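A.B. asks: mmCIF, C-alpha atoms, saved as coords.cif, coming up:
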```
data_model
#
loop_
_atom_site.label_atom_id
_atom_site.label_comp_id
_atom_site.auth_asym_id
_atom_site.auth_seq_id
_atom_site.Cartn_x
_atom_site.Cartn_y
_atom_site.Cartn_z
CA MET K 185 -20.87 37.27 33.07
CA GLU K 186 -21.58 36.47 36.74
CA GLN K 187 -23.77 39.08 38.46
CA PHE K 188 -23.11 40.03 42.11
CA SER K 189 -25.91 41.22 44.40
CA ASN K 190 -23.83 41.31 47.61
CA PRO K 191 -22.35 44.81 48.04
CA ARG K 192 -19.31 43.37 49.83
CA GLU K 193 -18.52 41.26 46.75
CA LEU K 194 -18.67 44.36 44.56
CA ARG K 195 -16.37 46.23 46.95
CA GLY K 196 -14.02 43.24 46.91
CA LEU K 197 -13.83 43.44 43.10
CA LYS K 198 -13.06 47.14 43.37
CA ILE K 199 -10.17 46.39 45.76
CA LEU K 200 -8.86 43.76 43.32
CA SER K 201 -8.98 46.23 40.41
CA GLU K 202 -6.57 48.61 42.15
CA PRO K 203 -2.78 47.95 41.98
CA ASP K 204 -0.76 46.62 44.95
CA THR K 205 -3.78 46.13 47.20
CA ILE K 206 -3.23 42.41 47.99
CA ILE K 207 0.11 41.09 49.24
CA GLN K 208 0.58 37.41 50.10
CA THR K 209 2.63 37.12 53.28
CA GLY K 210 2.35 33.35 53.85
CA LYS K 211 0.89 30.17 52.45
CA ASN K 212 -2.59 31.07 53.76
CA GLU K 213 -2.08 34.71 54.78
CA TRP K 214 -2.60 37.97 52.91
CA ASP K 215 -2.36 41.67 53.70
CA VAL K 216 -5.19 43.71 52.08
CA ARG K 217 -4.98 47.50 51.91
CA SER K 218 -7.76 49.46 53.57
CA GLN K 219 -9.80 51.75 51.32
CA SER K 220 -10.43 54.34 54.05
CA LYS K 221 -6.98 54.73 55.61
CA ASP K 222 -3.31 53.98 55.04
CA ALA K 223 -3.28 50.55 56.67
CA TYR K 224 -3.51 46.84 55.89
CA TYR K 225 -5.86 44.18 57.30
CA GLN K 226 -4.70 40.60 57.65
CA VAL K 227 -6.77 37.91 55.93
CA THR K 228 -6.13 34.26 56.88
CA ARG K 229 -7.45 30.98 55.55
CA LYS K 230 -7.74 27.78 57.57
CA PHE K 231 -8.56 24.32 56.22
CA ILE K 232 -11.43 22.56 58.06
CA SER K 233 -12.49 18.93 57.53
CA HIS K 234 -16.06 17.81 58.31
CA GLY K 235 -16.29 14.11 57.44
CA LYS K 236 -16.58 13.88 53.68
CA GLU K 237 -16.83 17.67 53.25
CA ASN K 238 -13.73 19.84 53.17
CA LYS K 239 -13.84 23.64 53.25
CA TYR K 240 -11.95 26.76 54.28
CA SER K 241 -12.61 29.07 57.19
CA TRP K 242 -11.76 32.73 56.49
CA THR K 243 -10.98 35.46 59.01
CA CYS K 244 -10.05 39.14 58.67
CA THR K 245 -8.81 41.71 61.21
CA CYS K 246 -11.09 44.46 59.85
CA PRO K 247 -13.91 45.83 62.12
CA ASP K 248 -16.66 44.66 59.72
CA HIS K 249 -15.65 40.99 59.97
CA GLN K 250 -14.88 41.19 63.71
CA THR K 251 -18.35 42.60 64.42
CA ARG K 252 -20.56 40.53 62.08
CA GLN K 253 -18.41 37.39 61.61
CA LEU K 254 -19.34 37.33 57.88
CA PRO K 255 -17.08 37.43 54.81
CA CYS K 256 -15.98 41.03 54.34
CA LYS K 257 -14.84 42.86 51.21
CA HIS K 258 -11.19 42.05 52.01
CA ILE K 259 -11.92 38.29 52.15
CA TYR K 260 -13.86 38.50 48.87
CA ALA K 261 -10.96 40.36 47.24
CA VAL K 262 -8.53 37.56 48.19
CA GLN K 263 -10.97 34.85 47.02
CA PHE K 264 -11.44 36.56 43.66
CA SER K 265 -7.67 36.90 43.19
CA LEU K 266 -7.17 33.18 43.90
CA LYS K 267 -9.95 32.25 41.46
CA ILE K 268 -8.41 34.41 38.72
CA LYS K 269 -5.02 32.78 39.33
CA VAL K 270 -6.51 29.29 38.98
CA ASP K 271 -8.36 30.25 35.79
CA VAL K 272 -5.21 31.71 34.23
CA GLU K 273 -3.11 28.65 35.10
CA THR K 274 -5.81 26.33 33.70
CA ASP K 275 -5.97 28.35 30.49
CA ILE K 276 -2.17 28.26 30.12
CA LYS K 277 -2.15 24.49 30.60
CA ALA K 278 -4.91 24.06 28.00
CA GLN K 279 -3.05 26.26 25.52
CA LYS K 280 0.17 24.35 26.18
CA ILE K 281 -1.62 21.07 25.43
CA GLN K 282 -2.87 22.56 22.14
CA GLY K 283 0.69 23.64 21.33
CA ASP K 284 2.05 20.17 22.08
CA GLU K 285 -0.63 18.52 19.93
CA ILE K 286 0.45 20.38 16.82
CA GLY K 287 4.15 19.90 17.58
CA ILE K 288 5.19 23.57 17.73
CA LEU K 289 8.76 24.32 18.80
CA CYS K 290 10.25 27.66 19.76
CA PRO K 291 12.57 28.77 16.90
CA ILE K 292 15.06 30.26 19.41
CA CYS K 293 15.47 27.68 22.20
CA LYS K 294 13.74 24.74 20.42
CA GLY K 295 11.59 24.20 23.54
CA GLN K 296 8.10 22.69 23.54
CA ASN K 297 6.79 24.88 26.39
CA VAL K 298 4.73 26.96 23.95
CA VAL K 299 1.30 28.62 24.36
CA LYS K 300 -0.95 30.69 22.13
CA LYS K 301 -0.31 34.41 22.57
CA GLY K 302 -2.48 36.67 20.49
CA ILE K 303 -3.13 37.16 16.79
CA ARG K 304 -0.95 38.82 14.17
CA VAL K 305 -2.96 40.74 11.57
CA THR K 306 -1.49 40.86 8.06
CA THR K 307 -2.69 42.26 4.76
CA TYR K 308 -3.98 38.84 3.69
CA GLY K 309 -5.45 37.51 6.97
CA GLU K 310 -4.75 36.64 10.59
CA ASN K 311 -1.94 34.41 11.88
CA GLN K 312 -1.83 32.75 15.27
CA ARG K 313 1.02 34.07 17.40
CA TYR K 314 2.73 31.86 20.00
CA GLY K 315 4.86 32.55 23.06
CA CYS K 316 7.63 30.44 24.58
CA LEU K 317 7.36 30.17 28.37
CA ASP K 318 11.06 29.26 28.62
CA CYS K 319 12.74 32.15 26.77
CA ASN K 320 9.75 34.57 26.44
CA HIS K 321 10.17 34.69 22.66
CA ARG K 322 7.03 35.47 20.65
CA PHE K 323 6.76 34.10 17.14
CA VAL K 324 4.51 33.05 14.28
CA VAL K 325 4.87 29.54 12.91
CA ASP K 326 6.59 29.60 9.52
CA LYS K 327 4.29 27.89 7.02
CA GLY K 328 6.56 28.68 4.10
CA PHE K 329 5.33 32.23 3.49
CA ASN K 330 7.04 34.29 6.21
CA ARG K 331 8.32 37.68 5.03
CA VAL K 332 6.33 37.34 1.82
CA LYS K 333 4.09 40.31 1.13
CA HIS K 334 1.71 38.45 -1.19
CA ASP K 335 -1.17 36.21 -0.18
CA PRO K 336 -0.15 32.52 0.02
CA LYS K 337 -3.25 31.65 -1.99
CA VAL K 338 -2.04 33.89 -4.84
CA ILE K 339 1.40 32.23 -4.74
CA THR K 340 0.00 28.69 -4.75
CA LEU K 341 -2.47 29.67 -7.48
CA THR K 342 0.53 30.75 -9.56
CA LEU K 343 2.22 27.37 -9.08
CA ASP K 344 -0.93 25.50 -10.03
CA LEU K 345 -1.67 27.54 -13.15
CA TYR K 346 1.92 27.36 -14.34
CA PHE K 347 2.09 23.57 -14.24
CA LYS K 348 -1.33 23.36 -15.87
CA GLY K 349 0.11 25.11 -18.92
CA VAL K 350 -0.77 28.81 -18.43
CA SER K 351 1.89 31.31 -19.48
CA LEU K 352 3.48 33.68 -16.97
CA ARG K 353 1.94 36.78 -18.57
CA LYS K 354 -1.51 35.22 -18.47
CA ILE K 355 -0.95 34.30 -14.82
CA THR K 356 -0.05 37.89 -13.89
CA ASP K 357 -3.12 39.14 -15.78
CA HIS K 358 -5.32 36.65 -13.92
CA ILE K 359 -3.92 37.77 -10.54
CA GLN K 360 -4.58 41.42 -11.37
CA GLN K 361 -8.13 40.76 -12.59
CA PHE K 362 -9.40 38.46 -9.87
CA HIS K 363 -7.18 39.27 -6.86
CA ASP K 364 -6.46 42.97 -7.49
CA ARG K 365 -2.71 42.37 -7.09
CA LYS K 366 -0.27 43.77 -9.61
CA VAL K 367 2.87 41.65 -9.89
CA CYS K 368 5.82 41.81 -12.26
CA PRO K 369 5.91 38.96 -14.85
CA THR K 370 9.25 37.80 -13.38
CA THR K 371 7.84 37.49 -9.84
CA PRO K 372 5.82 34.29 -10.49
CA MET K 373 8.95 32.61 -11.86
CA ARG K 374 10.82 33.42 -8.65
CA TRP K 375 7.99 31.85 -6.65
CA ILE K 376 8.06 28.76 -8.85
CA LYS K 377 11.83 28.29 -8.49
CA LYS K 378 11.76 28.85 -4.74
CA TYR K 379 8.94 26.47 -3.87
CA THR K 380 9.71 23.70 -6.35
CA THR K 381 13.22 23.52 -4.88
CA LEU K 382 11.75 23.31 -1.37
CA LEU K 383 9.18 20.66 -2.30
CA GLY K 384 11.70 18.63 -4.27
CA LYS K 385 13.91 18.18 -1.19
CA TYR K 386 10.88 17.27 0.93
CA ALA K 387 9.54 14.67 -1.53
CA GLU K 388 12.90 12.86 -1.61
CA LYS K 389 12.45 11.83 2.05
CA TYR K 390 9.85 9.14 1.31
CA GLU K 391 10.14 5.78 -0.41
CA ALA K 392 7.43 4.99 -2.96
CA ASP K 393 5.62 1.64 -2.72
CA VAL K 394 5.36 0.90 -6.45
CA GLY K 395 4.55 -2.11 -8.60
CA LYS K 396 6.76 -4.44 -10.63
CA ILE K 397 6.19 -3.09 -14.15
CA TRP K 398 7.80 0.20 -15.12
CA HIS K 399 7.59 2.24 -18.33
CA CYS K 400 10.30 4.50 -19.68
CA ASP K 401 10.38 6.97 -22.56
CA GLU K 402 12.11 10.18 -23.61
CA THR K 403 10.98 13.46 -25.19
CA THR K 404 12.67 16.71 -26.21
CA VAL K 405 12.81 20.15 -24.65
CA PHE K 406 14.27 23.20 -26.42
CA ILE K 407 17.06 25.26 -24.83
CA LYS K 408 18.15 28.74 -25.85
CA LYS K 409 21.81 28.42 -26.83
CA GLU K 410 23.99 31.13 -28.28
CA GLY K 411 24.77 30.56 -31.95
CA GLU K 412 22.05 27.92 -32.45
CA LYS K 413 18.43 28.49 -33.45
CA LYS K 414 17.14 25.20 -32.09
CA HIS K 415 19.14 23.39 -29.47
CA TYR K 416 17.26 20.63 -27.68
CA GLN K 417 17.92 18.27 -24.79
CA TRP K 418 16.20 15.05 -23.72
CA ILE K 419 13.73 14.55 -20.87
CA TRP K 420 13.75 10.95 -19.58
CA ASN K 421 10.60 9.85 -17.74
CA LEU K 422 10.25 6.54 -15.92
CA MET K 423 6.82 5.64 -14.46
CA ASP K 424 5.33 2.78 -12.45
CA ALA K 425 2.35 1.17 -14.22
CA LYS K 426 0.41 0.26 -11.04
CA THR K 427 0.49 3.56 -9.17
CA ARG K 428 1.30 5.95 -12.08
CA TYR K 429 4.07 7.28 -9.84
CA LEU K 430 6.78 9.12 -11.76
CA LEU K 431 9.94 7.53 -10.36
CA ALA K 432 12.46 9.48 -12.41
CA CYS K 433 12.50 12.65 -14.47
CA GLN K 434 15.94 13.61 -15.76
CA ILE K 435 17.46 15.79 -18.50
CA THR K 436 20.51 14.90 -20.62
CA GLU K 437 22.08 16.50 -23.68
CA THR K 438 22.23 13.23 -25.62
CA ARG K 439 20.49 9.85 -25.47
CA PHE K 440 23.27 7.30 -25.46
CA VAL K 441 23.74 4.38 -23.06
CA ASN K 442 25.21 6.46 -20.24
CA ASP K 443 22.34 8.93 -20.59
CA ALA K 444 19.74 6.16 -20.38
CA LYS K 445 21.34 4.90 -17.15
CA VAL K 446 20.57 8.20 -15.37
CA PRO K 447 16.76 7.78 -14.97
CA LEU K 448 17.13 4.02 -14.36
CA ARG K 449 19.56 4.64 -11.50
CA GLU K 450 17.31 7.30 -9.96
CA ALA K 451 14.23 5.06 -10.18
CA LYS K 452 16.09 2.17 -8.56
CA ALA K 453 17.11 4.38 -5.64
CA ARG K 454 13.64 5.92 -5.31
CA ALA K 455 11.78 2.59 -5.23
CA ASN K 456 14.55 0.57 -3.56
CA LYS K 457 13.56 -2.49 -5.58
CA ARG K 458 14.08 -4.27 -8.88
CA PRO K 459 11.13 -4.46 -11.30
CA ASP K 460 10.01 -7.57 -13.16
CA ALA K 461 9.70 -5.63 -16.41
CA ILE K 462 10.76 -2.28 -17.87
CA VAL K 463 8.81 -1.43 -21.01
CA THR K 464 10.54 0.88 -23.51
CA ASP K 465 10.39 1.81 -27.19
CA GLY K 466 12.98 0.69 -29.73
CA LEU K 467 15.81 3.02 -28.68
CA PRO K 468 19.00 0.85 -28.73
CA ALA K 469 20.48 2.62 -25.68
CA TYR K 470 17.92 0.98 -23.37
CA GLN K 471 19.22 -2.55 -24.04
CA LYS K 472 22.68 -2.03 -22.54
CA ALA K 473 21.54 0.52 -19.92
CA ILE K 474 18.84 -1.71 -18.38
CA LYS K 475 21.13 -4.73 -18.44
CA ALA K 476 23.89 -2.75 -16.72
CA GLU K 477 21.58 -1.44 -13.96
CA PHE K 478 19.23 -4.39 -13.34
CA TYR K 479 20.79 -7.63 -14.61
CA ASP K 480 20.80 -10.19 -11.76
CA LEU K 481 21.69 -13.89 -11.99
CA THR K 482 19.67 -14.66 -8.83
CA ALA K 483 16.43 -13.08 -10.08
CA PRO K 484 13.70 -15.18 -11.79
CA ILE K 485 13.81 -12.73 -14.71
CA GLN K 486 17.46 -11.84 -15.18
CA ASN K 487 16.92 -9.07 -17.74
CA PRO K 488 13.61 -7.20 -17.17
CA HIS K 489 13.77 -5.26 -20.45
CA ILE K 490 10.73 -5.49 -22.78
CA ARG K 491 11.31 -3.73 -26.09
CA LEU K 492 8.13 -2.78 -27.93
CA LYS K 493 7.41 -4.00 -31.42
CA ASP K 494 4.58 -1.51 -32.07
CA PHE K 495 2.07 0.66 -30.20
CA GLU K 496 -0.86 -1.77 -30.43
CA THR K 497 0.67 -5.03 -29.17
CA LYS K 498 0.50 -5.37 -25.38
CA PRO K 499 2.35 -4.61 -23.27
CA ASN K 500 2.51 -1.19 -24.93
CA ASN K 501 3.91 2.11 -23.76
CA ASN K 502 0.66 4.10 -23.94
CA ILE K 503 0.79 4.93 -20.20
CA ILE K 504 4.06 6.81 -20.53
CA GLU K 505 2.98 8.38 -23.83
CA ARG K 506 0.02 9.93 -21.99
CA LEU K 507 2.46 11.36 -19.47
CA GLN K 508 4.50 12.87 -22.29
CA GLY K 509 1.33 14.61 -23.44
CA THR K 510 0.98 16.19 -20.00
CA PHE K 511 4.56 17.45 -20.28
CA ARG K 512 3.94 18.88 -23.73
CA GLU K 513 1.00 20.90 -22.39
CA ARG K 514 3.59 22.89 -20.45
CA THR K 515 6.58 22.85 -22.83
CA LYS K 516 4.39 23.99 -25.74
CA VAL K 517 3.68 27.23 -23.85
CA VAL K 518 7.26 27.72 -22.62
CA ARG K 519 8.70 26.98 -26.11
CA SER K 520 12.28 27.07 -24.78
CA PHE K 521 14.31 27.51 -21.59
CA ASP K 522 17.16 29.92 -20.95
CA SER K 523 19.57 27.22 -19.79
CA GLY K 524 19.89 23.57 -18.90
CA MET K 525 19.58 24.44 -15.20
CA GLY K 526 16.25 26.15 -15.86
CA ALA K 527 15.01 23.03 -17.65
CA GLU K 528 16.11 20.84 -14.71
CA GLN K 529 14.15 23.01 -12.29
CA PHE K 530 11.16 22.80 -14.60
CA VAL K 531 11.10 18.99 -14.78
CA ALA K 532 11.64 18.72 -11.01
CA GLY K 533 8.59 20.93 -10.42
CA LEU K 534 6.51 19.06 -12.96
CA GLN K 535 7.42 15.77 -11.28
CA ILE K 536 6.11 17.11 -7.95
CA TYR K 537 2.94 18.39 -9.61
CA TYR K 538 2.28 15.08 -11.35
CA ASN K 539 2.99 12.88 -8.30
CA TYR K 540 1.48 14.90 -5.45
CA ILE K 541 -0.90 17.58 -6.75
CA ARG K 542 -2.64 16.41 -9.92
CA PRO K 543 -5.49 13.84 -9.49
CA HIS K 544 -5.22 11.00 -11.99
CA GLN K 545 -8.32 9.60 -13.72
CA GLY K 546 -6.62 6.25 -14.32
CA ILE K 547 -6.44 5.64 -10.54
CA ASN K 548 -9.95 6.86 -9.58
CA GLY K 549 -9.06 10.50 -8.99
CA MET K 550 -6.25 9.77 -6.55
CA THR K 551 -2.73 11.14 -6.87
CA PRO K 552 0.17 8.77 -7.67
CA ALA K 553 1.68 9.58 -4.26
CA GLN K 554 -1.49 8.34 -2.55
CA MET K 555 -1.41 5.15 -4.61
CA ALA K 556 2.26 4.67 -3.69
CA ASN K 557 1.40 4.88 0.06
CA ILE K 558 3.49 7.98 0.67
CA PRO K 559 2.40 9.38 4.08
CA ILE K 560 1.70 12.94 2.97
CA ASN K 561 -1.94 13.86 3.52
CA LEU K 562 -2.79 16.77 1.23
CA THR K 563 -6.28 18.29 1.50
CA GLY K 564 -7.84 21.55 0.37
CA ASN K 565 -5.15 23.72 -1.18
CA ARG K 566 -2.67 20.90 -1.81
CA TRP K 567 0.17 23.25 -2.78
CA GLU K 568 -0.16 25.30 0.42
CA THR K 569 -0.49 22.19 2.61
CA MET K 570 2.59 20.55 1.13
CA ILE K 571 4.67 23.73 1.45
CA GLY K 572 3.71 23.96 5.13
CA LEU K 573 4.74 20.34 5.70
CA ALA K 574 8.01 20.84 3.85
CA VAL K 575 8.94 23.87 5.97
CA LYS K 576 8.00 22.05 9.19
#
```
Re-express the file's structure as structure tokens.

C.D. replies:
Amino acid sequence: MEQFSNPRELRGLKILSEPDTIIQTGKNEWDVRSQSKDAYYQVTRKFISHGKENKYSWTCTCPDHQTRQLPCKHIYAVQFSLKIKVDVETDIKAQKIQGDEIGILCPICKGQNVVKKGIRVTTYGENQRYGCLDCNHRFVVDKGFNRVKHDPKVITLTLDLYFKGVSLRKITDHIQQFHDRKVCPTTPMRWIKKYTTLLGKYAEKYEADVGKIWHCDETTVFIKKEGEKKHYQWIWNLMDAKTRYLLACQITETRFVNDAKVPLREAKARANKRPDAIVTDGLPAYQKAIKAEFYDLTAPIQNPHIRLKDFETKPNNNIIERLQGTFRERTKVVRSFDSGMGAEQFVAGLQIYYNYIRPHQGINGMTPAQMANIPINLTGNRWETMIGLAVK
């Protein structure tokens, strides 16, 4: 902090600290209240040019300045007030630039005239608070966890553990042991449904840059159905061989031709291209389904279907079989779902986890989304980062 040795400067600061002591009456004129009597002295500023040097000449009507012709306490008070005003305006401009750089908009008026305005302290940390200079609204940027009483790290930990195959009861026990938070076993499932729905809509915005060889296969998932001990439906997975990107993940009750068309149609829309080859097992439904969706007289390969003879002859379907193993890590713990809608939410979340969150050893530790050139940069806590991007 700057130290003042001139007593008039110190008295000027004292004048500035008192309310309603400086009143600007003109562009370069101020009235400054006297400290000894009920009166005001007039302080004026005049611009003087001396060659290359430009400066101001200050005058005051007080006896001290009139006698000594030196800056008095009233002049210092005005100079300090002007300096404070410049510093505040500079700080506001710098904060506004920071707000513009991160693209923050006011949630009320949608304006960009936003500055930082304090810190909001919560039970799980501090959040930067912003203020809109247009409508005076103060707000905290929604990163996907507004009005949620639990720590975002606990919520994203729940998502990660769930899709890695940990049961809900084990997740709640883990949270209580290591984070000292007691949650109901149904709470993690609500988090999972909420955020997988949000991320699913966000992931659909981008087109995947995939290769020309795709693999398709189906597996079962059990559904709780009244009157039946074991009712199962079919999960159809369709993956790109080059990027390991999961283009389609759909559930049907049967596996006939019309059912096989569902993942093929989704993959075609997701990639916006026609592959040179689609490798499948011996299921007869693939023959008519692939021909119906991808047959093209103008293409070099009119029917891209390759039906496997066995698991050892290349091209084989081992890539997609490994994916099915990843799915079974989760379905083995769940055992069964309450309804078909619950199973659809599950496969949608697992598709996000596989494409965007889980590093893949077959592509040097990258995620399939990175290999497919999807412009979503996820670092650190990938779940939390992606939720923040989806909300924004």

A.B. asks: Select, from K:Leu422, K:Leu343, K:Cys319, K:Cys246, the residue with the minimum atom-to-atom distance to Asn565 in chain K, counting only C-alpha atoms.

C.D. replies: K:Leu343

A.B. asks: List as CSV every residue of range 335-419 of chain K that is in contact with range 510-521 of chain K, defined as an atom at most 8 Å from one of its atoms (using all atoms listed in the file), together with the nearest atom pair and the distance in Å rounded to one decimal, sorted by chain and then rising number.

C.D. replies:
```
residue,atom,partner,partner_atom,distance
K:Tyr346,CA,K:Arg514,CA,7.8
K:Phe347,CA,K:Arg514,CA,6.4
K:Lys348,CA,K:Arg514,CA,6.7
K:Gly349,CA,K:Arg514,CA,4.4
K:Val350,CA,K:Val517,CA,7.2
K:Ser351,CA,K:Val517,CA,6.2
K:Val405,CA,K:Ser520,CA,6.9
K:Phe406,CA,K:Ser520,CA,4.7
K:Ile407,CA,K:Phe521,CA,4.8
K:Lys408,CA,K:Phe521,CA,5.9
```

A.B. asks: Evaluate the PyMOL selection byres ((chain K and resi 445) around 9) here and jot the selected residues down as an MDAnalysis selection string.

C.D. replies: chainID K and resid 440:444 446:450 469:470 472:474 476:477

A.B. asks: I need the chosen residues saved as a PDB file, keeping the file's coordinate frame, with C-alpha atoms.

C.D. replies:
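Saved to again-v4.pdb:
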```pdb
ATOM      1  CA  PHE K 440      23.270   7.300 -25.460  1.00  0.00           C
ATOM      2  CA  VAL K 441      23.740   4.380 -23.060  1.00  0.00           C
ATOM      3  CA  ASN K 442      25.210   6.460 -20.240  1.00  0.00           C
ATOM      4  CA  ASP K 443      22.340   8.930 -20.590  1.00  0.00           C
ATOM      5  CA  ALA K 444      19.740   6.160 -20.380  1.00  0.00           C
ATOM      6  CA  VAL K 446      20.570   8.200 -15.370  1.00  0.00           C
ATOM      7  CA  PRO K 447      16.760   7.780 -14.970  1.00  0.00           C
ATOM      8  CA  LEU K 448      17.130   4.020 -14.360  1.00  0.00           C
ATOM      9  CA  ARG K 449      19.560   4.640 -11.500  1.00  0.00           C
ATOM     10  CA  GLU K 450      17.310   7.300  -9.960  1.00  0.00           C
ATOM     11  CA  ALA K 469      20.480   2.620 -25.680  1.00  0.00           C
ATOM     12  CA  TYR K 470      17.920   0.980 -23.370  1.00  0.00           C
ATOM     13  CA  LYS K 472      22.680  -2.030 -22.540  1.00  0.00           C
ATOM     14  CA  ALA K 473      21.540   0.520 -19.920  1.00  0.00           C
ATOM     15  CA  ILE K 474      18.840  -1.710 -18.380  1.00  0.00           C
ATOM     16  CA  ALA K 476      23.890  -2.750 -16.720  1.00  0.00           C
ATOM     17  CA  GLU K 477      21.580  -1.440 -13.960  1.00  0.00           C
TER      18      GLU K 477
END
```

A.B. asks: What is the distance between CA of Ala532 in chain K and CA of Asn487 in chain K, in Å to one decimal?

C.D. replies: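 These atoms are spaced 29.1 Å apart.
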
A.B. asks: Would you work out the distance separating CA of His334 in chain K from CA of Pro372 in chain K, expressed in Å to one decimal?

C.D. replies: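 Taking CA of His334 in chain K and CA of Pro372 in chain K, their separation equals 11.0 Å.
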
A.B. asks: Using all atoms listed in the file, can you tell me which of K:Lys576, K:Tyr240, K:Tyr429, K:Ile303 comes closest to Pro291 in chain K?

C.D. replies: K:Lys576

A.B. asks: Write out as a ChimeraX atom specification the residues lying within 10 Å of Glu505 in chain K, counting only C-alpha atoms and excluding same-chain residues fewer than 3 positions away.

C.D. replies: /K:399-403,421,500-502,508-511

A.B. asks: Could you save those same residues with C-alpha atoms as a compact mmCIF listing (two decimals), keeping the file's coordinate frame?

C.D. replies:
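Contents of part23.txt, freshly written:
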```
# COMPACT_ATOMS: atom_id res chain seq x y z
CA HIS K 399 7.59 2.24 -18.33
CA CYS K 400 10.30 4.50 -19.68
CA ASP K 401 10.38 6.97 -22.56
CA GLU K 402 12.11 10.18 -23.61
CA THR K 403 10.98 13.46 -25.19
CA ASN K 421 10.60 9.85 -17.74
CA ASN K 500 2.51 -1.19 -24.93
CA ASN K 501 3.91 2.11 -23.76
CA ASN K 502 0.66 4.10 -23.94
CA GLN K 508 4.50 12.87 -22.29
CA GLY K 509 1.33 14.61 -23.44
CA THR K 510 0.98 16.19 -20.00
CA PHE K 511 4.56 17.45 -20.28
```

A.B. asks: Taking into account only C-alpha atoms, which residue in the set K:Lys452, K:Lys378, K:Lys396, K:Lys230 is nearest to Lys426 in chain K?

C.D. replies: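 Ranked by minimum distance to Lys426 in chain K, first place goes to K:Lys396.
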
A.B. asks: What is the CA of Tyr225 in chain K to CA of Thr245 in chain K distance in Å?

C.D. replies: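 Separation of CA of Tyr225 in chain K and CA of Thr245 in chain K: 5.5 Å.
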
A.B. asks: Please identify all polymer residues within 8 Å of range 556-563 of chain K, counting all atoms listed in the file, omitting same-chain residues fewer than 5 positions from it, and present them as a PyMOL selection string.

C.D. replies: chain K and resi 390-394+427+429+569-570
